[in-house]
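The file model21.pdb comes next; it holds PDB, C-alpha atoms.
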ATOM      1  CA  MET A   1      62.918  23.725  56.067
ATOM      2  CA  HIS A   2      60.928  26.632  54.660
ATOM      3  CA  ASP A   3      59.601  26.732  51.120
ATOM      4  CA  LEU A   4      60.937  29.734  49.181
ATOM      5  CA  ALA A   5      57.553  30.449  47.556
ATOM      6  CA  ALA A   6      55.781  30.377  50.932
ATOM      7  CA  VAL A   7      58.271  32.821  52.491
ATOM      8  CA  GLN A   8      58.015  35.075  49.419
ATOM      9  CA  ALA A   9      54.210  35.036  49.768
ATOM     10  CA  ARG A  10      54.548  36.234  53.387
ATOM     11  CA  LEU A  11      56.617  39.209  52.183
ATOM     12  CA  GLU A  12      54.281  40.302  49.385
ATOM     13  CA  PRO A  13      51.734  42.338  51.432
ATOM     14  CA  LEU A  14      54.509  43.958  53.508
ATOM     15  CA  LEU A  15      57.185  46.591  52.793
ATOM     16  CA  PRO A  16      59.500  44.016  51.116
ATOM     17  CA  GLY A  17      56.704  43.186  48.680
ATOM     18  CA  LEU A  18      56.071  46.868  47.978
ATOM     19  CA  MET A  19      59.790  47.303  47.300
ATOM     20  CA  GLY A  20      59.808  44.356  44.898
ATOM     21  CA  ILE A  21      62.238  42.167  46.817
ATOM     22  CA  LYS A  22      62.415  38.713  45.207
ATOM     23  CA  LEU A  23      63.940  35.819  47.137
ATOM     24  CA  ILE A  24      66.261  33.610  45.087
ATOM     25  CA  ALA A  25      67.670  31.155  47.634
ATOM     26  CA  LEU A  26      67.018  30.193  51.265
ATOM     27  CA  ALA A  27      69.295  28.144  53.475
ATOM     28  CA  PRO A  28      69.815  28.168  57.256
ATOM     29  CA  GLU A  29      73.057  30.147  56.891
ATOM     30  CA  LYS A  30      72.418  32.158  53.712
ATOM     31  CA  VAL A  31      69.619  34.141  52.051
ATOM     32  CA  VAL A  32      69.889  35.566  48.529
ATOM     33  CA  ALA A  33      67.503  38.026  46.857
ATOM     34  CA  GLU A  34      67.251  40.586  44.074
ATOM     35  CA  MET A  35      65.513  43.916  43.732
ATOM     36  CA  LEU A  36      64.909  46.210  40.779
ATOM     37  CA  VAL A  37      66.082  49.753  41.515
ATOM     38  CA  ARG A  38      62.896  51.613  40.607
ATOM     39  CA  PRO A  39      62.649  55.426  40.457
ATOM     40  CA  ASP A  40      60.594  55.479  43.687
ATOM     41  CA  LEU A  41      63.488  53.737  45.494
ATOM     42  CA  CYS A  42      66.040  56.336  44.388
ATOM     43  CA  THR A  43      67.522  59.651  45.436
ATOM     44  CA  ALA A  44      67.262  62.740  43.235
ATOM     45  CA  GLY A  45      70.451  61.544  41.499
ATOM     46  CA  ASN A  46      68.720  58.407  40.149
ATOM     47  CA  ILE A  47      70.676  56.037  42.370
ATOM     48  CA  MET A  48      69.258  53.685  44.989
ATOM     49  CA  HIS A  49      68.377  55.539  48.184
ATOM     50  CA  GLY A  50      70.347  54.483  51.267
ATOM     51  CA  GLY A  51      67.108  53.734  53.097
ATOM     52  CA  ALA A  52      66.073  51.338  50.326
ATOM     53  CA  ALA A  53      69.418  49.544  50.613
ATOM     54  CA  MET A  54      69.016  49.303  54.392
ATOM     55  CA  ALA A  55      65.440  48.000  54.124
ATOM     56  CA  PHE A  56      66.550  45.442  51.523
ATOM     57  CA  ALA A  57      69.327  44.183  53.811
ATOM     58  CA  ASP A  58      67.113  44.241  56.908
ATOM     59  CA  THR A  59      64.607  42.054  55.100
ATOM     60  CA  LEU A  60      67.226  39.449  54.218
ATOM     61  CA  GLY A  61      68.572  39.230  57.777
ATOM     62  CA  ALA A  62      65.048  38.969  59.142
ATOM     63  CA  VAL A  63      64.179  36.226  56.652
ATOM     64  CA  GLY A  64      67.356  34.359  57.606
ATOM     65  CA  THR A  65      66.388  34.546  61.247
ATOM     66  CA  PHE A  66      62.781  33.583  60.512
ATOM     67  CA  ILE A  67      63.767  30.356  58.770
ATOM     68  CA  ASN A  68      65.934  29.435  61.773
ATOM     69  CA  LEU A  69      63.346  30.161  64.493
ATOM     70  CA  PRO A  70      61.909  27.477  66.742
ATOM     71  CA  ALA A  71      58.165  26.958  66.219
ATOM     72  CA  GLY A  72      56.061  29.820  67.580
ATOM     73  CA  HIS A  73      58.963  32.250  67.989
ATOM     74  CA  GLY A  74      59.269  35.654  66.322
ATOM     75  CA  THR A  75      62.024  38.138  65.589
ATOM     76  CA  THR A  76      62.776  41.839  65.472
ATOM     77  CA  THR A  77      65.856  43.844  64.507
ATOM     78  CA  THR A  78      67.691  45.328  67.497
ATOM     79  CA  ASP A  79      70.508  47.087  65.653
ATOM     80  CA  SER A  80      71.925  47.582  62.197
ATOM     81  CA  SER A  81      75.118  49.126  60.830
ATOM     82  CA  THR A  82      75.476  50.075  57.171
ATOM     83  CA  LYS A  83      78.584  50.958  55.184
ATOM     84  CA  PHE A  84      77.846  52.515  51.777
ATOM     85  CA  ILE A  85      80.477  51.896  49.142
ATOM     86  CA  ALA A  86      79.008  52.441  45.650
ATOM     87  CA  GLY A  87      75.733  53.335  43.978
ATOM     88  CA  ALA A  88      73.185  51.354  42.002
ATOM     89  CA  LYS A  89      71.546  53.072  39.039
ATOM     90  CA  VAL A  90      67.821  53.356  38.486
ATOM     91  CA  GLY A  91      66.611  50.532  36.247
ATOM     92  CA  SER A  92      69.321  48.112  37.370
ATOM     93  CA  VAL A  93      68.934  45.049  39.570
ATOM     94  CA  VAL A  94      70.793  44.745  42.871
ATOM     95  CA  LYS A  95      71.603  41.443  44.528
ATOM     96  CA  GLY A  96      71.733  40.862  48.258
ATOM     97  CA  GLU A  97      73.490  37.968  49.963
ATOM     98  CA  SER A  98      72.984  37.651  53.693
ATOM     99  CA  VAL A  99      75.117  35.196  55.660
ATOM    100  CA  ALA A 100      74.746  34.182  59.273
ATOM    101  CA  LEU A 101      77.620  35.267  61.504
ATOM    102  CA  HIS A 102      75.877  33.941  64.628
ATOM    103  CA  ARG A 103      72.737  31.830  65.076
ATOM    104  CA  GLY A 104      72.082  31.690  68.811
ATOM    105  CA  ARG A 105      69.053  30.962  70.962
ATOM    106  CA  SER A 106      68.376  34.604  71.841
ATOM    107  CA  THR A 107      70.022  36.547  68.999
ATOM    108  CA  MET A 108      71.188  36.051  65.442
ATOM    109  CA  VAL A 109      73.664  38.244  63.563
ATOM    110  CA  TRP A 110      73.587  38.562  59.776
ATOM    111  CA  GLN A 111      75.922  40.278  57.314
ATOM    112  CA  THR A 112      74.390  41.355  54.028
ATOM    113  CA  SER A 113      76.407  42.371  50.975
ATOM    114  CA  ILE A 114      74.546  44.304  48.281
ATOM    115  CA  THR A 115      76.069  44.365  44.807
ATOM    116  CA  ASN A 116      75.027  46.355  41.740
ATOM    117  CA  ALA A 117      74.417  45.064  38.204
ATOM    118  CA  GLU A 118      78.153  45.290  37.461
ATOM    119  CA  GLY A 119      78.927  43.115  40.491
ATOM    120  CA  LYS A 120      80.455  46.006  42.432
ATOM    121  CA  LEU A 121      79.861  46.094  46.175
ATOM    122  CA  CYS A 122      77.344  48.840  47.032
ATOM    123  CA  ALA A 123      76.805  48.314  50.750
ATOM    124  CA  VAL A 124      77.572  46.009  53.651
ATOM    125  CA  VAL A 125      75.052  45.750  56.462
ATOM    126  CA  ILE A 126      75.494  43.900  59.763
ATOM    127  CA  GLN A 127      72.385  43.476  61.876
ATOM    128  CA  THR A 128      71.328  41.746  65.055
ATOM    129  CA  GLN A 129      67.958  40.032  65.251
ATOM    130  CA  LEU A 130      66.376  39.306  68.621
ATOM    131  CA  VAL A 131      64.648  35.919  68.938
ATOM    132  CA  LEU A 132      61.265  36.482  70.574
ATOM    133  CA  ALA A 133      59.696  33.688  72.638
ATOM    134  CA  PRO A 134      56.009  32.949  72.155
ATOM    135  CA  ARG A 135      53.695  35.146  74.248
TER     136      ARG A 135
END

Will you turn the file into structure tokens for me?
Amino acid sequence: MHDLAAVQARLEPLLPGLMGIKLIALAPEKVVAEMLVRPDLCTAGNIMHGGAAMAFADTLGAVGTFINLPAGHGTTTTDSSTKFIAGAKVGSVVKGESVALHRGRSTMVWQTSITNAEGKLCAVVIQTQLVLAPR
């Protein structure tokens, strides 16, 4: 099992760290995180940019895959589909919950739901992660 603080530390120097993604819970079939919607993550209308939502979700699916990988293996996203439903205002905190739909030997599929501070669904992202064998 992976330690939440250790996984968070791996994210800090990368894009997820720059975005301020904070892991809340890790389990083999579910990853939960939060992110403050800062002005630099927004559109001109002061709502979370779609790319920020997609990067948030991509991070959670990748983390879910990472904690399920056999020793020495890696992962990369092969595809992602996003449905935008509502906005998240600047200054609010969004929550992401990513659940495993499939955890196979060569691919894993994760569905991430992003909700705004009012609990309203903002986006649903389904992504496939390729499991990479050691080189």

Residue members of the PyMOL selection byres ((chain A and resi 92) around 10) in the file shown, as a PyMOL selection string:
chain A and resi 35-38+47-48+88-91+93-94+116-118

Atomic distance CA of Pro39 in chain A - CA of Ala55 in chain A, expressed in Å with one decimal
15.8 Å

Evaluated on this file, the PyMOL selection byres ((chain A and resi 19-32) around 10) picks out some residues - which ones are they, written as a VMD selection string?
chain A and resid 1 to 5 7 to 8 11 to 12 14 to 18 33 to 38 40 to 41 52 55 to 56 59 to 69 94 to 103 110 to 114

Counting only C-alpha atoms, the residue of A:Thr115, A:Ser106, A:Thr128, A:Thr77 that sits nearest Ala53 in chain A:
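Under the stated criterion, the closest residue is A:Thr115.
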
Nearby residues (only C-alpha atoms) at most 7 Å from Ala123 in chain A, same-chain spacing under 3 positions excluded, as a ChimeraX atom specification:
/A:82-86,113-114

List the residues matched by the PyMOL selection byres ((chain A and resi 107) around 7) in the displayed structure as a ChimeraX atom specification, ordered by chain and then by residue number.
/A:103-106,108-109,128-131

For range 83-91 of chain A, what centre and edge lengths in Å (one decimal) does the axis-aligned box get once 4 Å is added on each side of all its listed atoms, as AutoDock Vina command-line options?
--center_x 73.5 --center_y 51.9 --center_z 45.7 --size_x 21.9 --size_y 10.8 --size_z 26.9

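In this structure, CA of Leu132 in chain A sits 10.9 Å away from CA of Ala71 in chain A.
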
From the list A:Arg135, A:Leu121, A:Gln127, A:Gly51, which residue is nearest Asp79 in chain A when using all atoms listed in the file?
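Smallest distance to Asp79 in chain A is found for A:Gln127.
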
Residue with the minimum atom-to-atom distance to Ala57 in chain A, picked from A:Pro134, A:Thr76, A:Arg10, A:Ser81 with all atoms listed in the file counted, is A:Ser81

Would you mind reading off the distance between CA of Ala133 in chain A and CA of His73 in chain A, one decimal, in Å?
4.9 Å

Rank A:Ser80, A:Gly87, A:Gly74, A:Ala6 by their smallest atom-to-atom distance to Gly50 in chain A, using only C-alpha atoms, and report the top residue only.
A:Gly87

Generate the coordinates of N, CA and C atoms for range 31-56 of chain A; report them as a PDB file, in the frame of the given file.
ATOM      1  N   VAL A  31      70.814  33.709  52.772  1.00  0.00           N
ATOM      2  CA  VAL A  31      69.619  34.141  52.051  1.00  0.00           C
ATOM      3  C   VAL A  31      70.086  35.028  50.901  1.00  0.00           C
ATOM      4  N   VAL A  32      69.531  34.790  49.709  1.00  0.00           N
ATOM      5  CA  VAL A  32      69.889  35.566  48.529  1.00  0.00           C
ATOM      6  C   VAL A  32      68.614  36.119  47.909  1.00  0.00           C
ATOM      7  N   ALA A  33      68.661  37.391  47.481  1.00  0.00           N
ATOM      8  CA  ALA A  33      67.503  38.026  46.857  1.00  0.00           C
ATOM      9  C   ALA A  33      67.969  39.077  45.856  1.00  0.00           C
ATOM     10  N   GLU A  34      67.011  39.517  45.033  1.00  0.00           N
ATOM     11  CA  GLU A  34      67.251  40.586  44.074  1.00  0.00           C
ATOM     12  C   GLU A  34      66.165  41.642  44.208  1.00  0.00           C
ATOM     13  N   MET A  35      66.492  42.834  43.724  1.00  0.00           N
ATOM     14  CA  MET A  35      65.513  43.916  43.732  1.00  0.00           C
ATOM     15  C   MET A  35      65.810  44.867  42.577  1.00  0.00           C
ATOM     16  N   LEU A  36      64.789  45.214  41.831  1.00  0.00           N
ATOM     17  CA  LEU A  36      64.909  46.210  40.779  1.00  0.00           C
ATOM     18  C   LEU A  36      64.986  47.593  41.427  1.00  0.00           C
ATOM     19  N   VAL A  37      65.951  48.388  41.002  1.00  0.00           N
ATOM     20  CA  VAL A  37      66.082  49.753  41.515  1.00  0.00           C
ATOM     21  C   VAL A  37      65.123  50.636  40.705  1.00  0.00           C
ATOM     22  N   ARG A  38      63.932  50.809  41.255  1.00  0.00           N
ATOM     23  CA  ARG A  38      62.896  51.613  40.607  1.00  0.00           C
ATOM     24  C   ARG A  38      63.102  53.090  40.948  1.00  0.00           C
ATOM     25  N   PRO A  39      62.520  53.997  40.158  1.00  0.00           N
ATOM     26  CA  PRO A  39      62.649  55.426  40.457  1.00  0.00           C
ATOM     27  C   PRO A  39      62.170  55.809  41.856  1.00  0.00           C
ATOM     28  N   ASP A  40      61.110  55.143  42.352  1.00  0.00           N
ATOM     29  CA  ASP A  40      60.594  55.479  43.687  1.00  0.00           C
ATOM     30  C   ASP A  40      61.469  54.957  44.818  1.00  0.00           C
ATOM     31  N   LEU A  41      62.530  54.225  44.493  1.00  0.00           N
ATOM     32  CA  LEU A  41      63.488  53.737  45.494  1.00  0.00           C
ATOM     33  C   LEU A  41      64.812  54.493  45.399  1.00  0.00           C
ATOM     34  N   CYS A  42      64.805  55.608  44.671  1.00  0.00           N
ATOM     35  CA  CYS A  42      66.040  56.336  44.388  1.00  0.00           C
ATOM     36  C   CYS A  42      66.097  57.706  45.047  1.00  0.00           C
ATOM     37  N   THR A  43      67.290  58.261  45.049  1.00  0.00           N
ATOM     38  CA  THR A  43      67.522  59.651  45.436  1.00  0.00           C
ATOM     39  C   THR A  43      67.284  60.517  44.198  1.00  0.00           C
ATOM     40  N   ALA A  44      67.427  61.822  44.366  1.00  0.00           N
ATOM     41  CA  ALA A  44      67.262  62.740  43.235  1.00  0.00           C
ATOM     42  C   ALA A  44      68.291  62.476  42.139  1.00  0.00           C
ATOM     43  N   GLY A  45      69.398  61.851  42.473  1.00  0.00           N
ATOM     44  CA  GLY A  45      70.451  61.544  41.499  1.00  0.00           C
ATOM     45  C   GLY A  45      70.242  60.250  40.736  1.00  0.00           C
ATOM     46  N   ASN A  46      69.047  59.663  40.840  1.00  0.00           N
ATOM     47  CA  ASN A  46      68.720  58.407  40.149  1.00  0.00           C
ATOM     48  C   ASN A  46      69.610  57.226  40.543  1.00  0.00           C
ATOM     49  N   ILE A  47      69.996  57.214  41.825  1.00  0.00           N
ATOM     50  CA  ILE A  47      70.676  56.037  42.370  1.00  0.00           C
ATOM     51  C   ILE A  47      69.873  55.557  43.578  1.00  0.00           C
ATOM     52  N   MET A  48      70.020  54.276  43.891  1.00  0.00           N
ATOM     53  CA  MET A  48      69.258  53.685  44.989  1.00  0.00           C
ATOM     54  C   MET A  48      69.469  54.477  46.280  1.00  0.00           C
ATOM     55  N   HIS A  49      68.369  54.813  46.914  1.00  0.00           N
ATOM     56  CA  HIS A  49      68.377  55.539  48.184  1.00  0.00           C
ATOM     57  C   HIS A  49      68.993  54.643  49.259  1.00  0.00           C
ATOM     58  N   GLY A  50      69.744  55.243  50.172  1.00  0.00           N
ATOM     59  CA  GLY A  50      70.347  54.483  51.267  1.00  0.00           C
ATOM     60  C   GLY A  50      69.319  53.758  52.112  1.00  0.00           C
ATOM     61  N   GLY A  51      68.168  54.378  52.322  1.00  0.00           N
ATOM     62  CA  GLY A  51      67.108  53.734  53.097  1.00  0.00           C
ATOM     63  C   GLY A  51      66.568  52.495  52.407  1.00  0.00           C
ATOM     64  N   ALA A  52      66.519  52.517  51.076  1.00  0.00           N
ATOM     65  CA  ALA A  52      66.073  51.338  50.326  1.00  0.00           C
ATOM     66  C   ALA A  52      67.087  50.202  50.479  1.00  0.00           C
ATOM     67  N   ALA A  53      68.373  50.553  50.427  1.00  0.00           N
ATOM     68  CA  ALA A  53      69.418  49.544  50.613  1.00  0.00           C
ATOM     69  C   ALA A  53      69.323  48.936  52.014  1.00  0.00           C
ATOM     70  N   MET A  54      69.104  49.789  53.011  1.00  0.00           N
ATOM     71  CA  MET A  54      69.016  49.303  54.392  1.00  0.00           C
ATOM     72  C   MET A  54      67.790  48.417  54.586  1.00  0.00           C
ATOM     73  N   ALA A  55      66.653  48.813  54.001  1.00  0.00           N
ATOM     74  CA  ALA A  55      65.440  48.000  54.124  1.00  0.00           C
ATOM     75  C   ALA A  55      65.603  46.670  53.402  1.00  0.00           C
ATOM     76  N   PHE A  56      66.268  46.675  52.264  1.00  0.00           N
ATOM     77  CA  PHE A  56      66.550  45.442  51.523  1.00  0.00           C
ATOM     78  C   PHE A  56      67.362  44.492  52.397  1.00  0.00           C
TER      79      PHE A  56
END
